[in-house]
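What follows is the content of query-v9.cif, which has mmCIF, N, CA and C atoms, pLDDT in the B column; chains and numbers go by the auth columns:
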data_data
loop_
_atom_site.group_PDB
_atom_site.id
_atom_site.type_symbol
_atom_site.label_atom_id
_atom_site.label_comp_id
_atom_site.label_asym_id
_atom_site.label_seq_id
_atom_site.Cartn_x
_atom_site.Cartn_y
_atom_site.Cartn_z
_atom_site.B_iso_or_equiv
_atom_site.auth_seq_id
_atom_site.auth_asym_id
ATOM 1 N N MET A 1 197.607 -114.358 -14.578 53.00 1 A
ATOM 2 C CA MET A 1 197.744 -115.797 -14.677 53.00 1 A
ATOM 3 C C MET A 1 196.656 -116.379 -15.580 53.00 1 A
ATOM 4 N N SER A 2 196.729 -116.058 -16.835 60.00 2 A
ATOM 5 C CA SER A 2 195.728 -116.568 -17.763 60.00 2 A
ATOM 6 C C SER A 2 196.328 -117.606 -18.704 60.00 2 A
ATOM 7 N N ALA A 3 197.417 -118.219 -18.305 75.00 3 A
ATOM 8 C CA ALA A 3 198.056 -119.230 -19.141 75.00 3 A
ATOM 9 C C ALA A 3 197.190 -120.475 -19.198 75.00 3 A
ATOM 10 N N ASP A 4 197.201 -121.118 -20.350 90.00 4 A
ATOM 11 C CA ASP A 4 196.413 -122.342 -20.499 90.00 4 A
ATOM 12 C C ASP A 4 197.086 -123.503 -19.790 90.00 4 A
ATOM 13 N N LEU A 5 196.296 -124.262 -19.072 92.00 5 A
ATOM 14 C CA LEU A 5 196.754 -125.458 -18.381 92.00 5 A
ATOM 15 C C LEU A 5 196.157 -126.670 -19.071 92.00 5 A
ATOM 16 N N LYS A 6 196.963 -127.713 -19.233 94.00 6 A
ATOM 17 C CA LYS A 6 196.456 -128.972 -19.792 94.00 6 A
ATOM 18 C C LYS A 6 195.981 -129.817 -18.617 94.00 6 A
ATOM 19 N N VAL A 7 194.683 -129.952 -18.478 94.00 7 A
ATOM 20 C CA VAL A 7 194.082 -130.593 -17.311 94.00 7 A
ATOM 21 C C VAL A 7 193.440 -131.909 -17.727 94.00 7 A
ATOM 22 N N VAL A 8 193.680 -132.957 -16.932 94.00 8 A
ATOM 23 C CA VAL A 8 193.038 -134.252 -17.124 94.00 8 A
ATOM 24 C C VAL A 8 192.320 -134.581 -15.826 94.00 8 A
ATOM 25 N N TYR A 9 191.013 -134.842 -15.926 95.00 9 A
ATOM 26 C CA TYR A 9 190.245 -135.153 -14.731 95.00 9 A
ATOM 27 C C TYR A 9 189.229 -136.236 -15.026 95.00 9 A
ATOM 28 N N LEU A 10 188.714 -136.824 -13.964 94.00 10 A
ATOM 29 C CA LEU A 10 187.746 -137.909 -14.052 94.00 10 A
ATOM 30 C C LEU A 10 186.397 -137.377 -13.597 94.00 10 A
ATOM 31 N N LEU A 11 185.382 -137.515 -14.437 89.00 11 A
ATOM 32 C CA LEU A 11 184.038 -137.054 -14.132 89.00 11 A
ATOM 33 C C LEU A 11 183.069 -138.182 -14.452 89.00 11 A
ATOM 34 N N ASP A 12 182.489 -138.765 -13.418 88.00 12 A
ATOM 35 C CA ASP A 12 181.552 -139.885 -13.591 88.00 12 A
ATOM 36 C C ASP A 12 182.161 -141.013 -14.412 88.00 12 A
ATOM 37 N N SER A 13 183.363 -141.423 -14.047 89.00 13 A
ATOM 38 C CA SER A 13 184.134 -142.509 -14.667 89.00 13 A
ATOM 39 C C SER A 13 184.461 -142.239 -16.140 89.00 13 A
ATOM 40 N N VAL A 14 184.494 -140.979 -16.540 93.00 14 A
ATOM 41 C CA VAL A 14 184.897 -140.596 -17.892 93.00 14 A
ATOM 42 C C VAL A 14 186.107 -139.681 -17.778 93.00 14 A
ATOM 43 N N GLU A 15 187.193 -140.030 -18.475 94.00 15 A
ATOM 44 C CA GLU A 15 188.399 -139.217 -18.444 94.00 15 A
ATOM 45 C C GLU A 15 188.255 -138.063 -19.430 94.00 15 A
ATOM 46 N N VAL A 16 188.437 -136.843 -18.937 93.00 16 A
ATOM 47 C CA VAL A 16 188.268 -135.641 -19.749 93.00 16 A
ATOM 48 C C VAL A 16 189.596 -134.896 -19.809 93.00 16 A
ATOM 49 N N LYS A 17 189.993 -134.482 -21.017 94.00 17 A
ATOM 50 C CA LYS A 17 191.209 -133.699 -21.217 94.00 17 A
ATOM 51 C C LYS A 17 190.786 -132.348 -21.766 94.00 17 A
ATOM 52 N N ARG A 18 191.209 -131.269 -21.072 92.00 18 A
ATOM 53 C CA ARG A 18 190.821 -129.916 -21.476 92.00 18 A
ATOM 54 C C ARG A 18 191.960 -128.940 -21.263 92.00 18 A
ATOM 55 N N ASN A 19 191.956 -127.870 -22.033 94.00 19 A
ATOM 56 C CA ASN A 19 192.827 -126.725 -21.791 94.00 19 A
ATOM 57 C C ASN A 19 191.979 -125.666 -21.111 94.00 19 A
ATOM 58 N N MET A 20 192.445 -125.140 -19.989 94.00 20 A
ATOM 59 C CA MET A 20 191.671 -124.146 -19.250 94.00 20 A
ATOM 60 C C MET A 20 192.597 -123.237 -18.469 94.00 20 A
ATOM 61 N N THR A 21 192.044 -122.135 -17.982 94.00 21 A
ATOM 62 C CA THR A 21 192.807 -121.193 -17.181 94.00 21 A
ATOM 63 C C THR A 21 192.723 -121.602 -15.709 94.00 21 A
ATOM 64 N N GLN A 22 193.485 -120.918 -14.886 93.00 22 A
ATOM 65 C CA GLN A 22 193.474 -121.230 -13.452 93.00 22 A
ATOM 66 C C GLN A 22 192.109 -120.955 -12.829 93.00 22 A
ATOM 67 N N LEU A 23 191.442 -119.913 -13.267 94.00 23 A
ATOM 68 C CA LEU A 23 190.120 -119.592 -12.721 94.00 23 A
ATOM 69 C C LEU A 23 189.097 -120.663 -13.093 94.00 23 A
ATOM 70 N N GLN A 24 189.167 -121.157 -14.315 94.00 24 A
ATOM 71 C CA GLN A 24 188.273 -122.238 -14.726 94.00 24 A
ATOM 72 C C GLN A 24 188.564 -123.504 -13.937 94.00 24 A
ATOM 73 N N LEU A 25 189.838 -123.782 -13.683 94.00 25 A
ATOM 74 C CA LEU A 25 190.218 -124.953 -12.909 94.00 25 A
ATOM 75 C C LEU A 25 189.728 -124.837 -11.468 94.00 25 A
ATOM 76 N N ALA A 26 189.809 -123.648 -10.899 94.00 26 A
ATOM 77 C CA ALA A 26 189.332 -123.434 -9.531 94.00 26 A
ATOM 78 C C ALA A 26 187.825 -123.673 -9.441 94.00 26 A
ATOM 79 N N ASP A 27 187.081 -123.213 -10.440 95.00 27 A
ATOM 80 C CA ASP A 27 185.637 -123.447 -10.457 95.00 27 A
ATOM 81 C C ASP A 27 185.322 -124.932 -10.626 95.00 27 A
ATOM 82 N N LEU A 28 186.122 -125.623 -11.430 93.00 28 A
ATOM 83 C CA LEU A 28 185.909 -127.048 -11.657 93.00 28 A
ATOM 84 C C LEU A 28 186.135 -127.851 -10.384 93.00 28 A
ATOM 85 N N LEU A 29 187.153 -127.480 -9.621 92.00 29 A
ATOM 86 C CA LEU A 29 187.505 -128.243 -8.426 92.00 29 A
ATOM 87 C C LEU A 29 186.530 -128.024 -7.273 92.00 29 A
ATOM 88 N N LYS A 30 185.632 -127.061 -7.394 94.00 30 A
ATOM 89 C CA LYS A 30 184.594 -126.884 -6.378 94.00 30 A
ATOM 90 C C LYS A 30 183.563 -128.007 -6.439 94.00 30 A
ATOM 91 N N ASN A 31 183.490 -128.678 -7.575 92.00 31 A
ATOM 92 C CA ASN A 31 182.568 -129.785 -7.766 92.00 31 A
ATOM 93 C C ASN A 31 183.138 -131.042 -7.090 92.00 31 A
ATOM 94 N N ASP A 32 182.354 -131.668 -6.222 91.00 32 A
ATOM 95 C CA ASP A 32 182.813 -132.851 -5.488 91.00 32 A
ATOM 96 C C ASP A 32 182.902 -134.095 -6.363 91.00 32 A
ATOM 97 N N ASP A 33 182.241 -134.105 -7.521 92.00 33 A
ATOM 98 C CA ASP A 33 182.242 -135.279 -8.398 92.00 33 A
ATOM 99 C C ASP A 33 183.475 -135.358 -9.279 92.00 33 A
ATOM 100 N N VAL A 34 184.323 -134.330 -9.242 93.00 34 A
ATOM 101 C CA VAL A 34 185.494 -134.268 -10.113 93.00 34 A
ATOM 102 C C VAL A 34 186.719 -134.784 -9.370 93.00 34 A
ATOM 103 N N LEU A 35 187.448 -135.697 -10.016 94.00 35 A
ATOM 104 C CA LEU A 35 188.703 -136.215 -9.476 94.00 35 A
ATOM 105 C C LEU A 35 189.821 -135.766 -10.406 94.00 35 A
ATOM 106 N N LEU A 36 190.688 -134.894 -9.925 94.00 36 A
ATOM 107 C CA LEU A 36 191.770 -134.350 -10.740 94.00 36 A
ATOM 108 C C LEU A 36 192.862 -135.394 -10.907 94.00 36 A
ATOM 109 N N LEU A 37 193.235 -135.671 -12.159 94.00 37 A
ATOM 110 C CA LEU A 37 194.283 -136.657 -12.439 94.00 37 A
ATOM 111 C C LEU A 37 195.637 -135.998 -12.678 94.00 37 A
ATOM 112 N N SER A 38 195.675 -134.945 -13.490 93.00 38 A
ATOM 113 C CA SER A 38 196.959 -134.284 -13.741 93.00 38 A
ATOM 114 C C SER A 38 196.753 -132.885 -14.289 93.00 38 A
ATOM 115 N N VAL A 39 197.775 -132.057 -14.073 93.00 39 A
ATOM 116 C CA VAL A 39 197.828 -130.706 -14.633 93.00 39 A
ATOM 117 C C VAL A 39 199.204 -130.521 -15.247 93.00 39 A
ATOM 118 N N ASN A 40 199.240 -130.191 -16.524 91.00 40 A
ATOM 119 C CA ASN A 40 200.488 -129.977 -17.269 91.00 40 A
ATOM 120 C C ASN A 40 201.442 -131.160 -17.147 91.00 40 A
ATOM 121 N N ALA A 41 200.932 -132.353 -17.250 88.00 41 A
ATOM 122 C CA ALA A 41 201.771 -133.550 -17.188 88.00 41 A
ATOM 123 C C ALA A 41 202.602 -133.643 -18.468 88.00 41 A
ATOM 124 N N PRO A 42 203.860 -134.014 -18.356 86.00 42 A
ATOM 125 C CA PRO A 42 204.686 -134.143 -19.559 86.00 42 A
ATOM 126 C C PRO A 42 204.209 -135.319 -20.404 86.00 42 A
ATOM 127 N N THR A 43 204.278 -135.149 -21.711 81.00 43 A
ATOM 128 C CA THR A 43 203.873 -136.226 -22.603 81.00 43 A
ATOM 129 C C THR A 43 205.035 -137.195 -22.780 81.00 43 A
ATOM 130 N N VAL A 44 204.733 -138.449 -22.920 82.00 44 A
ATOM 131 C CA VAL A 44 205.740 -139.484 -23.089 82.00 44 A
ATOM 132 C C VAL A 44 205.862 -139.778 -24.578 82.00 44 A
ATOM 133 N N LYS A 45 207.063 -139.645 -25.092 83.00 45 A
ATOM 134 C CA LYS A 45 207.294 -139.898 -26.502 83.00 45 A
ATOM 135 C C LYS A 45 208.042 -141.208 -26.651 83.00 45 A
ATOM 136 N N HIS A 46 207.580 -142.035 -27.556 82.00 46 A
ATOM 137 C CA HIS A 46 208.223 -143.315 -27.832 82.00 46 A
ATOM 138 C C HIS A 46 208.865 -143.237 -29.206 82.00 46 A
ATOM 139 N N TYR A 47 210.119 -143.599 -29.255 84.00 47 A
ATOM 140 C CA TYR A 47 210.836 -143.615 -30.510 84.00 47 A
ATOM 141 C C TYR A 47 211.073 -145.060 -30.921 84.00 47 A
ATOM 142 N N ARG A 48 210.858 -145.360 -32.172 84.00 48 A
ATOM 143 C CA ARG A 48 211.037 -146.712 -32.674 84.00 48 A
ATOM 144 C C ARG A 48 212.525 -147.007 -32.812 84.00 48 A
ATOM 145 N N ARG A 49 212.929 -148.136 -32.291 85.00 49 A
ATOM 146 C CA ARG A 49 214.339 -148.520 -32.385 85.00 49 A
ATOM 147 C C ARG A 49 214.629 -149.086 -33.759 85.00 49 A
ATOM 148 N N LYS A 50 215.842 -148.839 -34.223 81.00 50 A
ATOM 149 C CA LYS A 50 216.263 -149.423 -35.486 81.00 50 A
ATOM 150 C C LYS A 50 216.700 -150.853 -35.240 81.00 50 A
ATOM 151 N N LYS A 51 216.312 -151.731 -36.125 78.00 51 A
ATOM 152 C CA LYS A 51 216.692 -153.130 -35.997 78.00 51 A
ATOM 153 C C LYS A 51 218.059 -153.341 -36.625 78.00 51 A
ATOM 154 N N LYS A 52 218.831 -154.233 -36.020 77.00 52 A
ATOM 155 C CA LYS A 52 220.144 -154.560 -36.568 77.00 52 A
ATOM 156 C C LYS A 52 219.975 -155.520 -37.735 77.00 52 A
ATOM 157 N N GLY A 53 220.844 -155.407 -38.710 70.00 53 A
ATOM 158 C CA GLY A 53 220.808 -156.314 -39.842 70.00 53 A
ATOM 159 C C GLY A 53 219.810 -155.864 -40.893 70.00 53 A
ATOM 160 N N GLY A 54 219.846 -156.556 -41.992 64.00 54 A
ATOM 161 C CA GLY A 54 218.955 -156.215 -43.099 64.00 54 A
ATOM 162 C C GLY A 54 217.712 -157.077 -43.090 64.00 54 A
ATOM 163 N N ARG A 55 216.884 -156.804 -44.006 67.00 55 A
ATOM 164 C CA ARG A 55 215.639 -157.549 -44.145 67.00 55 A
ATOM 165 C C ARG A 55 215.878 -158.681 -45.122 67.00 55 A
ATOM 166 N N SER A 56 215.609 -159.911 -44.700 65.00 56 A
ATOM 167 C CA SER A 56 215.859 -161.040 -45.589 65.00 56 A
ATOM 168 C C SER A 56 214.627 -161.283 -46.463 65.00 56 A
ATOM 169 N N VAL A 57 214.894 -161.536 -47.742 67.00 57 A
ATOM 170 C CA VAL A 57 213.813 -161.755 -48.692 67.00 57 A
ATOM 171 C C VAL A 57 213.858 -163.211 -49.140 67.00 57 A
ATOM 172 N N ALA A 58 212.715 -163.890 -49.050 67.00 58 A
ATOM 173 C CA ALA A 58 212.658 -165.300 -49.452 67.00 58 A
ATOM 174 C C ALA A 58 212.599 -165.384 -50.981 67.00 58 A
ATOM 175 N N LYS A 59 213.387 -166.325 -51.546 63.00 59 A
ATOM 176 C CA LYS A 59 213.415 -166.478 -53.010 63.00 59 A
ATOM 177 C C LYS A 59 212.699 -167.720 -53.428 63.00 59 A
#
Structure re-expressed in structure tokens:
Amino acid sequence: MSADLKVVYLLDSVEVKRNMTQLQLADLLKNDDVLLLSVNAPTVKHYRRKKKGGRSVAK
């Protein structure tokens, strides 16, 4: 189980994003000051909508 995990955690009010293994994550969670926010959370993708109609040009 050496797959990389995308980990987001809070350490002293600072949000940290890291890639780590399960063993590294286990060592991190032994620290009481760490608040785990997410592990392998899916990323949200936003797609721009196309506008209806053309662009009007002032003459």
*Which of chain A fall in strand (DSSP E), as a ChimeraX atom specification*: /A:5-11,14-20,34-39
Could you save those same residues with N, CA and C atoms as a PDB file, in the coordinates of the input?
ATOM      1  N   LEU A   5     196.296-124.262 -19.072  1.00 92.00           N
ATOM      2  CA  LEU A   5     196.754-125.458 -18.381  1.00 92.00           C
ATOM      3  C   LEU A   5     196.157-126.670 -19.071  1.00 92.00           C
ATOM      4  N   LYS A   6     196.963-127.713 -19.233  1.00 94.00           N
ATOM      5  CA  LYS A   6     196.456-128.972 -19.792  1.00 94.00           C
ATOM      6  C   LYS A   6     195.981-129.817 -18.617  1.00 94.00           C
ATOM      7  N   VAL A   7     194.683-129.952 -18.478  1.00 94.00           N
ATOM      8  CA  VAL A   7     194.082-130.593 -17.311  1.00 94.00           C
ATOM      9  C   VAL A   7     193.440-131.909 -17.727  1.00 94.00           C
ATOM     10  N   VAL A   8     193.680-132.957 -16.932  1.00 94.00           N
ATOM     11  CA  VAL A   8     193.038-134.252 -17.124  1.00 94.00           C
ATOM     12  C   VAL A   8     192.320-134.581 -15.826  1.00 94.00           C
ATOM     13  N   TYR A   9     191.013-134.842 -15.926  1.00 95.00           N
ATOM     14  CA  TYR A   9     190.245-135.153 -14.731  1.00 95.00           C
ATOM     15  C   TYR A   9     189.229-136.236 -15.026  1.00 95.00           C
ATOM     16  N   LEU A  10     188.714-136.824 -13.964  1.00 94.00           N
ATOM     17  CA  LEU A  10     187.746-137.909 -14.052  1.00 94.00           C
ATOM     18  C   LEU A  10     186.397-137.377 -13.597  1.00 94.00           C
ATOM     19  N   LEU A  11     185.382-137.515 -14.437  1.00 89.00           N
ATOM     20  CA  LEU A  11     184.038-137.054 -14.132  1.00 89.00           C
ATOM     21  C   LEU A  11     183.069-138.182 -14.452  1.00 89.00           C
ATOM     22  N   VAL A  14     184.494-140.979 -16.540  1.00 93.00           N
ATOM     23  CA  VAL A  14     184.897-140.596 -17.892  1.00 93.00           C
ATOM     24  C   VAL A  14     186.107-139.681 -17.778  1.00 93.00           C
ATOM     25  N   GLU A  15     187.193-140.030 -18.475  1.00 94.00           N
ATOM     26  CA  GLU A  15     188.399-139.217 -18.444  1.00 94.00           C
ATOM     27  C   GLU A  15     188.255-138.063 -19.430  1.00 94.00           C
ATOM     28  N   VAL A  16     188.437-136.843 -18.937  1.00 93.00           N
ATOM     29  CA  VAL A  16     188.268-135.641 -19.749  1.00 93.00           C
ATOM     30  C   VAL A  16     189.596-134.896 -19.809  1.00 93.00           C
ATOM     31  N   LYS A  17     189.993-134.482 -21.017  1.00 94.00           N
ATOM     32  CA  LYS A  17     191.209-133.699 -21.217  1.00 94.00           C
ATOM     33  C   LYS A  17     190.786-132.348 -21.766  1.00 94.00           C
ATOM     34  N   ARG A  18     191.209-131.269 -21.072  1.00 92.00           N
ATOM     35  CA  ARG A  18     190.821-129.916 -21.476  1.00 92.00           C
ATOM     36  C   ARG A  18     191.960-128.940 -21.263  1.00 92.00           C
ATOM     37  N   ASN A  19     191.956-127.870 -22.033  1.00 94.00           N
ATOM     38  CA  ASN A  19     192.827-126.725 -21.791  1.00 94.00           C
ATOM     39  C   ASN A  19     191.979-125.666 -21.111  1.00 94.00           C
ATOM     40  N   MET A  20     192.445-125.140 -19.989  1.00 94.00           N
ATOM     41  CA  MET A  20     191.671-124.146 -19.250  1.00 94.00           C
ATOM     42  C   MET A  20     192.597-123.237 -18.469  1.00 94.00           C
ATOM     43  N   VAL A  34     184.323-134.330  -9.242  1.00 93.00           N
ATOM     44  CA  VAL A  34     185.494-134.268 -10.113  1.00 93.00           C
ATOM     45  C   VAL A  34     186.719-134.784  -9.370  1.00 93.00           C
ATOM     46  N   LEU A  35     187.448-135.697 -10.016  1.00 94.00           N
ATOM     47  CA  LEU A  35     188.703-136.215  -9.476  1.00 94.00           C
ATOM     48  C   LEU A  35     189.821-135.766 -10.406  1.00 94.00           C
ATOM     49  N   LEU A  36     190.688-134.894  -9.925  1.00 94.00           N
ATOM     50  CA  LEU A  36     191.770-134.350 -10.740  1.00 94.00           C
ATOM     51  C   LEU A  36     192.862-135.394 -10.907  1.00 94.00           C
ATOM     52  N   LEU A  37     193.235-135.671 -12.159  1.00 94.00           N
ATOM     53  CA  LEU A  37     194.283-136.657 -12.439  1.00 94.00           C
ATOM     54  C   LEU A  37     195.637-135.998 -12.678  1.00 94.00           C
ATOM     55  N   SER A  38     195.675-134.945 -13.490  1.00 93.00           N
ATOM     56  CA  SER A  38     196.959-134.284 -13.741  1.00 93.00           C
ATOM     57  C   SER A  38     196.753-132.885 -14.289  1.00 93.00           C
ATOM     58  N   VAL A  39     197.775-132.057 -14.073  1.00 93.00           N
ATOM     59  CA  VAL A  39     197.828-130.706 -14.633  1.00 93.00           C
ATOM     60  C   VAL A  39     199.204-130.521 -15.247  1.00 93.00           C
TER      61      VAL A  39
END
*Which neighbours of region 5-13 of chain A fall inside 10 Å, counting only C-alpha atoms, when residues of the same chain fewer than 5 positions from it are skipped, and could you give them as a PyMOL selection string?*
chain A and resi 18-22+24-25+28-29+31-42
Kindly compute an axis-aligned box around the listed atoms of region 20-24 of chain A, allowing 4 Å on each side, and express its centre and edge lengths in Å to one decimal as AutoDock Vina command-line options.
--center_x 190.9 --center_y -122.4 --center_z -16.4 --size_x 13.2 --size_y 13.5 --size_z 15.3
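Atom C of Lys45 (chain A) to CA of Glu15 (chain A) spans 21.4 Å [interatomic distance, one decimal].
Taking atom C of Val16 (chain A) and CA of Asp4 (chain A) as endpoints, the distance between them is 14.3 Å.
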*List every residue of chain A that DSSP, applied to the backbone of this structure, places in alpha helix (DSSP H), and write the result as a PyMOL selection string.*
chain A and resi 22-29
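For the atom pair formed by atom N of Thr43 (chain A) and CA of Val14 (chain A), the distance is 20.5 Å, given to one decimal.
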Taking the partial coordinates given, rebuild region 39-55 of chain A to contain N, CA, C and O atoms; return it as a compact mmCIF listing (two decimals), keeping the file's coordinate frame.
# COMPACT_ATOMS: atom_id res chain seq x y z
N VAL A 39 197.78 -132.06 -14.07
CA VAL A 39 197.83 -130.71 -14.63
C VAL A 39 199.20 -130.52 -15.25
O VAL A 39 200.22 -130.71 -14.58
N ASN A 40 199.24 -130.19 -16.52
CA ASN A 40 200.49 -129.98 -17.27
C ASN A 40 201.44 -131.16 -17.15
O ASN A 40 202.65 -130.99 -16.96
N ALA A 41 200.93 -132.35 -17.25
CA ALA A 41 201.77 -133.55 -17.19
C ALA A 41 202.60 -133.64 -18.47
O ALA A 41 202.10 -133.37 -19.56
N PRO A 42 203.86 -134.01 -18.36
CA PRO A 42 204.69 -134.14 -19.56
C PRO A 42 204.21 -135.32 -20.40
O PRO A 42 203.77 -136.34 -19.89
N THR A 43 204.28 -135.15 -21.71
CA THR A 43 203.87 -136.23 -22.60
C THR A 43 205.04 -137.20 -22.78
O THR A 43 206.20 -136.80 -22.79
N VAL A 44 204.73 -138.45 -22.92
CA VAL A 44 205.74 -139.48 -23.09
C VAL A 44 205.86 -139.78 -24.58
O VAL A 44 204.88 -140.10 -25.24
N LYS A 45 207.06 -139.65 -25.09
CA LYS A 45 207.29 -139.90 -26.50
C LYS A 45 208.04 -141.21 -26.65
O LYS A 45 209.02 -141.47 -25.96
N HIS A 46 207.58 -142.04 -27.56
CA HIS A 46 208.22 -143.32 -27.83
C HIS A 46 208.86 -143.24 -29.21
O HIS A 46 208.23 -142.86 -30.18
N TYR A 47 210.12 -143.60 -29.26
CA TYR A 47 210.84 -143.62 -30.51
C TYR A 47 211.07 -145.06 -30.92
O TYR A 47 211.47 -145.90 -30.11
N ARG A 48 210.86 -145.36 -32.17
CA ARG A 48 211.04 -146.71 -32.67
C ARG A 48 212.52 -147.01 -32.81
O ARG A 48 213.28 -146.21 -33.38
N ARG A 49 212.93 -148.14 -32.29
CA ARG A 49 214.34 -148.52 -32.38
C ARG A 49 214.63 -149.09 -33.76
O ARG A 49 213.81 -149.76 -34.37
N LYS A 50 215.84 -148.84 -34.22
CA LYS A 50 216.26 -149.42 -35.49
C LYS A 50 216.70 -150.85 -35.24
O LYS A 50 217.38 -151.15 -34.26
N LYS A 51 216.31 -151.73 -36.12
CA LYS A 51 216.69 -153.13 -36.00
C LYS A 51 218.06 -153.34 -36.62
O LYS A 51 218.41 -152.71 -37.62
N LYS A 52 218.83 -154.23 -36.02
CA LYS A 52 220.14 -154.56 -36.57
C LYS A 52 219.98 -155.52 -37.74
O LYS A 52 219.08 -156.36 -37.75
N GLY A 53 220.84 -155.41 -38.71
CA GLY A 53 220.81 -156.31 -39.84
C GLY A 53 219.81 -155.86 -40.89
O GLY A 53 219.01 -154.96 -40.69
N GLY A 54 219.85 -156.56 -41.99
CA GLY A 54 218.96 -156.22 -43.10
C GLY A 54 217.71 -157.08 -43.09
O GLY A 54 217.54 -157.99 -42.28
N ARG A 55 216.88 -156.80 -44.01
CA ARG A 55 215.64 -157.55 -44.14
C ARG A 55 215.88 -158.68 -45.12
O ARG A 55 216.32 -158.46 -46.26
